[in-house]
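Peer 1: Handing you this structure, nothing more for now.
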Amino acid sequence: MAEPKPLLEVRDLQVTFSTPRGTVRAVDGIGFTVEAGRTLGIVGESGSGKSVTSLAVMGLHRGAETTGSIALEGRELIGLPEKELSRLRGRRMAMIFQDPLSSLHPYYTVGEQIAEHHRVHFRSGRAAARKRAVEMLAEVGIPEPARRAGEYPHQFSGGMRQRAMIAMALACEPDLLIADEPTTALDVTVQAQILDLIARLQQERGLGVVMITHDLGVVARVAHEVLVMYGGRAAEQATADELFADPAHPYTRGLLDSLPRLDDADDAPLRAIPGAPPSLTARTPGCAFAPRCARAAAGTPDERERCATEQPAFRPYGDGSRMTACHFAGAVQEAAR
Amino acid sequence: MTTTEPGTATAPVPGTPDGPPLLDVRDLTMTFPGRRSATGRRGAAVKAVDGVSFSLSAGETLGLVGESGCGKSTTGRMLVRLLEPTSGSIAFEGRDISRLSQGQLRPLRKHLQMVFQDPHSSLNPRQTVARIISEPLLVQGWSADDARRRAAELMDLVGLIPEHIDRYPHEFSGGQAQRIGIARSLATNPRLVVADEPVSALDVSVQAQIVNLMERLRRELGLAYVFIAHDLSVVKRVSDRVAVMYLGRIVEIGDKHTLYADPQHPYTRALLSAVPLPDPAAERRRERITLLGDPPSPAAPPPGCTFHPRCAKAQEVCRTERPLLRIASPGETREVACHFPGD
Ligand SMILES: Nc1ncnc2c1ncn2[C@@H]1O[C@H](COP(=O)(O)OP(=O)(O)OP(=O)(O)O)[C@@H](O)[C@H]1O
Ligand SMILES: Nc1ncnc2c1ncn2[C@@H]1O[C@H](COP(=O)(O)OP(=O)(O)OP(=O)(O)O)[C@@H](O)[C@H]1O
Ligand code: SF4
Ligand SMILES: [Mg+2]
Ligand SMILES: [Mg+2]
């Protein structure tokens with residue numbers, strides 16, 4: 001018998017936009033795997049291609065050129081006709097979008113939108129779909145769900161809209177959930193409730209999850225594996241424990257160092273990574289992080305030269321399944337000591 | 001600062017100890033009327049904000065946290081008068097602005113700015129970034145050239161690439177769009193910025209840049225912020241005082257150190273116990289205080305203390321009598337609205 005296929009397998013994904021100012025390589029060779037029942041966390045620089053990656057998986061990129069491979073249980077999605085994609089969307093794979101307001105329709109009530117979604121995919125009757133919508137709103141912690149279902153998105157608070165989106169994504173019982181910053185508008189107690197709900201669905205139904213978030217606390221809590229992106233490429237991939245205990249890539253270390261912590265003194269400025277993210281239109285030959293990298297800056301002239309001119313391969317690091325794209329990944333640890 | 005600031009010669013900074021506070025809010029209330037259904041019947045009215053009072057000095061930051069839907073954005077929108085409060089007063093530099101007409105507000109607009117919670121949907125998709133950021137300046141009578149130059153400076157200030165000035169919002173990521181909103185809010189050198197989740201769409205490194213920038217502007221220009229956020233570590237970092245809201249009311253308010261070290265209201269305690277920690281091992285070990293039951297509805301708030309149905313400490317008096325905000329313990333300025341504060 002053939003080896004069971006992973007739920008989602010993305011290989012060498014490239015997404016480019018043609019703009020009047022040149023080609024934007026928003027995603028440049030990303031790969032990852034998500035198994036059923038597992039959570040992959042994706043973190044990274046704002047603008048590093050996280051949302052573009054997830055939209056590509058959902059087949060939602062109009063106007064972009066997408067190459068590489070995206071396989072859902074072994075079935076290639078790139079090049080699939082829109083009609084088949086839209087059948088998979090919602091039913092097999094669902095997405096929680098980063099900006100809830102722009103993905104909810106202003107002229108329909110929240111309940112109608114969730115119910116409609118359910119009707120399309122399950123061919124359920126109006127009453128059943130409506131009942132399901134109210135149930136889902138209750139699941140995500142909306143008070144008085146039956147009344148709230150009759151309201152329009154503008155009558156919801158930011159966090160309630162976000163929960164409405166989550167309810168919509170989960171209503172059709174997908175196998176794969178891509179959650180793009182799903183809890184930014186939620187207070188921490190509601191956030192904990194939503195994360196628990198997702199964890200329950202993982203246990204009960206083997207839901208596979210891609211969790212994109214800037215909140216490293218959320219990553220620490222839910223992710224089994226973490227992918228760190230920088231400038232459209234993978235910088236590092238590791239289990240959550242490894243990543244937080246011992247970041248291999250200088251960018252990951254910079255991220256962890258930028259965190260405000262509850263026990264911090266608050267007169268010293270936060271340690272932001274100096275400099276600006278790389279241009280996605282004019283790529284430099286070397287490591288995309290080189291101009292901002294503390295390790296490169298501390299290196300010998302030869303080492304600096306190498307970082308500036310040679311793109312580091314994404315390769316295994318240490319033992320186990322860790323990967324990183326840095327010429328001096330090992331030395332990062334030493335430098336930190 | 002290297003930014004051009006025509007027309008804002010060093011005015012005396014209001015709200016310094018002797019003067020009136022920059023902002024003094026009394027009993028602010030917002031009731032949204034119920035929606036009229038197809039049959040013409042009105043749904044229940046929603047009391048989104050119910051008697052909120054606080055004051056804020058120039059150069060001070062008040063953090064506003066609380067349950068999703070508890071009225072933080074609505075409060076913020078009233079402070080900058082994008083909404084007219086149902087009742088209560090908002091004194092800005094000693095003058096009540098709560099009833100001013102749009103025309104009367106126009107000259108004040110440049111002092112009162114807001115960063116919106118939904119980055120992309122708060123930016124006009126048909127306008128370039130140049131246009132979006134200069135808009136408040138053009139309204140104030142700046143020339144197009146000056147406004148454009150200032151817009152480019154502001155982009156640089158918030159960590160955006162000024163060469164991207166002629167792009168449209170859809171070409172930016174969520175975090176980049178959020179920074180466009182921040183740049184726009186700073187364009188007119190306001191005195192008060194209500195920042196509604198300004199950094200939650202940003203990665204922690206850019207977040208650190210923006211937090212450092214906001215702190216610098218506050219030191220250098222005496223800017224005051226009302227900083228709405230769910231990330232309690234960031235709130236602790238940027239705020240002087242923190243107000244915790246629950247169902248339209250402030251349930252605890254005080255100096256951040258006191259409040260974080262020793263929260264008195266059971267809701268504040270639950271909130272602080274749920275902060276996710278950036279450490280997988282600590283996450284597995286920790287204990288969270290889980291709230292009982294479901295969040296209540298502002299259309300039908302529970303009687304007495306609105307938190308009582310979810311509170312482990314609730315007694316009979318909590319079900320019948322509304323606890324008022326009062327000083328928690330002698331010698332403190334922190335106030336709490338609970339019949340049984342502390343542990
Ligand atoms: N339609 C488009 N046309 C041109 N460039 C685009 C388009 N959509 C996205 N980009 C660019 O692609 C890059 C990646 O964007 P993406 O939205 O994936 O970032 P992200 O990692 O999700 O960031 P954030 O954390 O801020 O949400 C950004 O630099 C963005 O400006
Ligand atoms: N235009 C409106 N019409 C009717 N109800 C509204 C309107 N705007 C807000 N509300 C209601 O007022 C309450 C408070 O909303 P608000 O947006 O102020 O909450 P919030 O504290 O900002 O929440 P979040 O953290 O989720 O953004 C909610 O119950 C919301 O549904
Ligand atoms: S390859 Fe060089 S520049 Fe890139 S992260 Fe490693 S040390 Fe830094
Ligand atoms: Mg994004
Ligand atoms: Mg809000």
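Each chain in the structure tokens gets a letter, A, B, ..., in the order shown, and its residues are numbered from 1; ligands are numbered from 1 in order too.
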Output the contact residues of chain A with respect to chain B at a cut-off of 7 Å, based on only C-alpha atoms, as a PyMOL selection string.

Peer 2: chain A and resi 44-47+99+101-102+141+143-144+157+159-160+184-189+214+216-218+220-221+240-241+244+255+258-262+266+269-273+276

Peer 1: Which polymer residues have any atom within 8 Å of an atom of B:Leu79, counting only C-alpha atoms, with same-chain residues fewer than 4 positions away left out, as a PDB file with C-alpha atoms, in the first residue's frame?

Peer 2:
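Output contents, as saved in out-v8.pdb:
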ATOM      1  CA  THR B  75     -15.394  54.757  23.674  1.00  0.00           C
ATOM      2  CA  ILE B  90     -15.776  65.086  27.061  1.00  0.00           C
ATOM      3  CA  VAL B 194      -6.748  57.090  20.110  1.00  0.00           C
TER       4      VAL B 194
END

Peer 1: Kindly indicate which residue among B:Asp255, B:Val242, B:Ile97, B:Phe116 lies nearest to ligand 5, using only C-alpha atoms and all ligand atoms for the distances.

Peer 2: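 Residue with the minimum atom-to-atom distance to ligand 5: B:Phe116.
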
Peer 1: Pick out the residues no farther than 9 Å from ligand 1, counting only C-alpha atoms and all ligand atoms, and list them as JSON, numbers by chain.

Peer 2: {"A": [15, 16, 17, 18, 19, 23, 24, 25, 26, 27, 43, 44, 45, 46, 47, 48, 49, 50, 51, 52, 53, 54, 55, 61, 62, 63, 64, 98, 180, 181, 212, 213, 214, 229, 230, 231, 232, 277, 278, 279, 280], "B": [167, 168, 169, 170, 171, 172, 173, 174, 175, 176, 177, 178, 201, 202, 203]}

Peer 1: Running DSSP on the backbone, which parts of stretch 146-324 of chain B land in strand (DSSP E or B), as a PyMOL selection string?

Peer 2: chain B and resi 192-196+224-228+241-246+249-255

Peer 1: Neighbours of stretch 52-62 of chain B within 7 Å (only C-alpha atoms; same-chain residues fewer than 2 positions away dropped), as a count of residues only?

Peer 2: 30

Peer 1: Can you build me a table of chain A residues sitting at most 7 Å from ligand 3, with the closest atom pair per residue and its distance in Å to one decimal, using only C-alpha atoms and all ligand atoms, sorted by chain and residue number, as a Markdown table?

Peer 2:
| residue | atom | partner | partner_atom_place_in_ligand_line | distance |
| --- | --- | --- | --- | --- |
| A:His249 | CA | ligand 3 | 5 (S) | 5.9 |
| A:Pro250 | CA | ligand 3 | 5 (S) | 5.2 |
| A:Tyr251 | CA | ligand 3 | 5 (S) | 6.4 |
| A:Cys287 | CA | ligand 3 | 4 (Fe) | 4.6 |
| A:Ala288 | CA | ligand 3 | 4 (Fe) | 6.6 |
| A:Phe289 | CA | ligand 3 | 4 (Fe) | 5.1 |
| A:Ala290 | CA | ligand 3 | 3 (S) | 3.3 |
| A:Pro291 | CA | ligand 3 | 3 (S) | 6.9 |
| A:Cys293 | CA | ligand 3 | 8 (Fe) | 4.6 |
| A:Ala294 | CA | ligand 3 | 8 (Fe) | 6.7 |
| A:Arg295 | CA | ligand 3 | 7 (S) | 4.8 |
| A:Ala296 | CA | ligand 3 | 7 (S) | 4.5 |
| A:Arg304 | CA | ligand 3 | 2 (Fe) | 6.9 |
| A:Cys307 | CA | ligand 3 | 2 (Fe) | 4.1 |
| A:Ala308 | CA | ligand 3 | 3 (S) | 6.9 |
| A:Pro312 | CA | ligand 3 | 1 (S) | 5.6 |
| A:Ala325 | CA | ligand 3 | 1 (S) | 6.7 |
| A:Cys326 | CA | ligand 3 | 6 (Fe) | 3.6 |
| A:His327 | CA | ligand 3 | 1 (S) | 4.3 |
| A:Phe328 | CA | ligand 3 | 7 (S) | 5.1 |
| A:Ala329 | CA | ligand 3 | 6 (Fe) | 6.1 |

Peer 1: Measuring between only C-alpha atoms, which one of A:Glu310, A:Glu305, A:Glu65, A:Glu236 shows the shortest distance to A:Ile30?

Peer 2: A:Glu236

Peer 1: For stretch 83-91 of chain A, please output as a list in words all residues within 8 Å (counting only C-alpha atoms; exclusion window: fewer than 5 positions along the same chain).

Peer 2: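 Here the answer would be Met58, Gly59, Leu77, His117, His121, Ala169, Cys172, Glu173, Pro174 and Asp175 of chain A.
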
Peer 1: Which residue gives the smallest distance to ligand 4 among A:Leu137, A:Ala282, A:Leu177, A:Ile42, with only C-alpha atoms and all ligand atoms counted?

Peer 2: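 Going through A:Leu137, A:Ala282, A:Leu177, A:Ile42 one by one, the smallest distance to ligand 4 is for A:Ile42.
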
Peer 1: Give the answer as one residue: which of A:Ser69, A:His224, A:Arg161, A:Gly79 has the shortest atom-to-atom distance to ligand 5, using only C-alpha atoms and all ligand atoms?

Peer 2: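 Closest residue, counting only C-alpha atoms and all ligand atoms: A:Arg161.
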
Peer 1: Using only C-alpha atoms and all ligand atoms, can you tell me which of B:Val139, B:Ile182, B:Val115, B:Ala152 comes closest to ligand 5?

Peer 2: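 The shortest atom-to-atom distance to ligand 5 comes from B:Val115.
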
Peer 1: Please determine, counting only C-alpha atoms and all ligand atoms, which residue among A:Pro301, A:Gly158, A:Gly208, A:Gly111 has the shortest atom-to-atom distance to ligand 5.

Peer 2: A:Gly158

Peer 1: Quick one: everything within 7 Å of B:Ala130, counting only C-alpha atoms, minus sequence neighbours fewer than 3 positions away in the same chain. Send it as an MDAnalysis selection string.

Peer 2: chainID B and resid 133:134 148 151 165:166

Peer 1: Can I get the selected residues back with N, CA, C and O atoms, as an mmCIF file, in the first residue's frame?

Peer 2:
data_model
loop_
_atom_site.group_PDB
_atom_site.id
_atom_site.type_symbol
_atom_site.label_atom_id
_atom_site.label_comp_id
_atom_site.auth_asym_id
_atom_site.auth_seq_id
_atom_site.Cartn_x
_atom_site.Cartn_y
_atom_site.Cartn_z
ATOM 1 N N ILE B 133 -2.408 59.562 3.350
ATOM 2 C CA ILE B 133 -1.704 60.196 4.477
ATOM 3 C C ILE B 133 -1.852 61.714 4.439
ATOM 4 O O ILE B 133 -1.941 62.368 5.473
ATOM 5 N N SER B 134 -1.906 62.292 3.214
ATOM 6 C CA SER B 134 -1.997 63.764 3.156
ATOM 7 C C SER B 134 -3.388 64.299 3.419
ATOM 8 O O SER B 134 -3.543 65.483 3.712
ATOM 9 N N ARG B 148 2.622 66.140 0.361
ATOM 10 C CA ARG B 148 3.253 64.946 -0.166
ATOM 11 C C ARG B 148 4.623 64.716 0.483
ATOM 12 O O ARG B 148 4.992 63.599 0.839
ATOM 13 N N ALA B 151 4.080 63.428 3.855
ATOM 14 C CA ALA B 151 3.617 62.034 3.814
ATOM 15 C C ALA B 151 4.808 61.090 3.668
ATOM 16 O O ALA B 151 4.878 60.049 4.328
ATOM 17 N N ILE B 165 5.172 55.446 -2.110
ATOM 18 C CA ILE B 165 4.147 56.440 -1.831
ATOM 19 C C ILE B 165 3.001 56.461 -2.852
ATOM 20 O O ILE B 165 1.888 56.853 -2.542
ATOM 21 N N ASP B 166 3.277 56.013 -4.082
ATOM 22 C CA ASP B 166 2.213 56.042 -5.084
ATOM 23 C C ASP B 166 1.484 54.710 -5.233
ATOM 24 O O ASP B 166 0.744 54.500 -6.186
#

Peer 1: Report, in Å to a single decimal, how far apart atom CA of B:Leu292 and atom CA of A:Leu195 are.

Peer 2: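 For atom CA of A:Leu195 relative to atom CA of B:Leu292, the distance reads 17.0 Å.
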
Peer 1: For stretch 148-154 of chain A, list every protein, DNA or RNA residue within 7 Å, evaluated using only C-alpha atoms, and leave out those in the same chain fewer than 2 positions away; present the list as a list of chain:residue names.

Peer 2: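 The contact residues come out as A:Leu104, A:Pro106, A:Tyr108, A:Thr109, A:Val110, A:Gly111, A:Val134, A:Glu144, A:Pro145, A:Ala146, A:Phe156, A:Arg161.
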
Peer 1: Please produce an output containing C-alpha atoms for each residue in the selection, written as a PDB file, in the first residue's frame.

Peer 2:
ATOM      1  CA  LEU A 104     -17.749  39.890   5.477  1.00  0.00           C
ATOM      2  CA  PRO A 106     -21.883  44.501   4.585  1.00  0.00           C
ATOM      3  CA  TYR A 108     -26.206  40.554   4.617  1.00  0.00           C
ATOM      4  CA  THR A 109     -26.659  39.634   8.231  1.00  0.00           C
ATOM      5  CA  VAL A 110     -23.915  37.590   9.828  1.00  0.00           C
ATOM      6  CA  GLY A 111     -26.284  34.651  10.270  1.00  0.00           C
ATOM      7  CA  VAL A 134     -26.556  30.022  15.394  1.00  0.00           C
ATOM      8  CA  GLU A 144     -27.142  35.709  22.506  1.00  0.00           C
ATOM      9  CA  PRO A 145     -26.249  34.018  19.223  1.00  0.00           C
ATOM     10  CA  ALA A 146     -29.821  33.790  17.953  1.00  0.00           C
ATOM     11  CA  PHE A 156     -20.463  43.702  15.634  1.00  0.00           C
ATOM     12  CA  ARG A 161     -16.498  39.986  13.520  1.00  0.00           C
TER      13      ARG A 161
END

Peer 1: Would you list the contacts of stretch 183-191 of chain B as an mmCIF file with N, CA, C and O atoms, in the first residue's frame, taking every protein, DNA or RNA residue within 6 Å and counting only C-alpha atoms, but skipping same-chain residues closer than 6 positions in sequence?

Peer 2:
data_model
loop_
_atom_site.group_PDB
_atom_site.id
_atom_site.type_symbol
_atom_site.label_atom_id
_atom_site.label_comp_id
_atom_site.auth_asym_id
_atom_site.auth_seq_id
_atom_site.Cartn_x
_atom_site.Cartn_y
_atom_site.Cartn_z
ATOM 1 N N LYS B 110 -7.527 68.354 13.847
ATOM 2 C CA LYS B 110 -6.102 68.081 13.731
ATOM 3 C C LYS B 110 -5.485 67.661 15.066
ATOM 4 O O LYS B 110 -4.443 67.033 15.104
ATOM 5 N N HIS B 111 -6.161 67.994 16.161
ATOM 6 C CA HIS B 111 -5.630 67.597 17.463
ATOM 7 C C HIS B 111 -6.082 66.217 17.904
ATOM 8 O O HIS B 111 -5.542 65.644 18.829
ATOM 9 N N LEU B 112 -7.157 65.734 17.292
ATOM 10 C CA LEU B 112 -7.773 64.482 17.729
ATOM 11 C C LEU B 112 -7.694 63.473 16.602
ATOM 12 O O LEU B 112 -8.350 63.640 15.582
ATOM 13 N N GLN B 113 -6.884 62.459 16.747
ATOM 14 C CA GLN B 113 -6.755 61.497 15.655
ATOM 15 C C GLN B 113 -6.982 60.078 16.151
ATOM 16 O O GLN B 113 -6.860 59.796 17.335
ATOM 17 N N MET B 114 -7.287 59.207 15.197
ATOM 18 C CA MET B 114 -7.563 57.828 15.579
ATOM 19 C C MET B 114 -6.871 56.872 14.626
ATOM 20 O O MET B 114 -6.824 57.116 13.426
ATOM 21 N N ILE B 133 -2.408 59.562 3.350
ATOM 22 C CA ILE B 133 -1.704 60.196 4.477
ATOM 23 C C ILE B 133 -1.852 61.714 4.439
ATOM 24 O O ILE B 133 -1.941 62.368 5.473
ATOM 25 N N LEU B 154 6.610 60.800 6.922
ATOM 26 C CA LEU B 154 5.866 59.979 7.875
ATOM 27 C C LEU B 154 6.010 58.499 7.552
ATOM 28 O O LEU B 154 6.097 57.657 8.435
ATOM 29 N N LEU B 223 2.506 64.243 23.213
ATOM 30 C CA LEU B 223 1.325 63.556 22.701
ATOM 31 C C LEU B 223 0.720 62.666 23.785
ATOM 32 O O LEU B 223 1.457 62.067 24.554
#
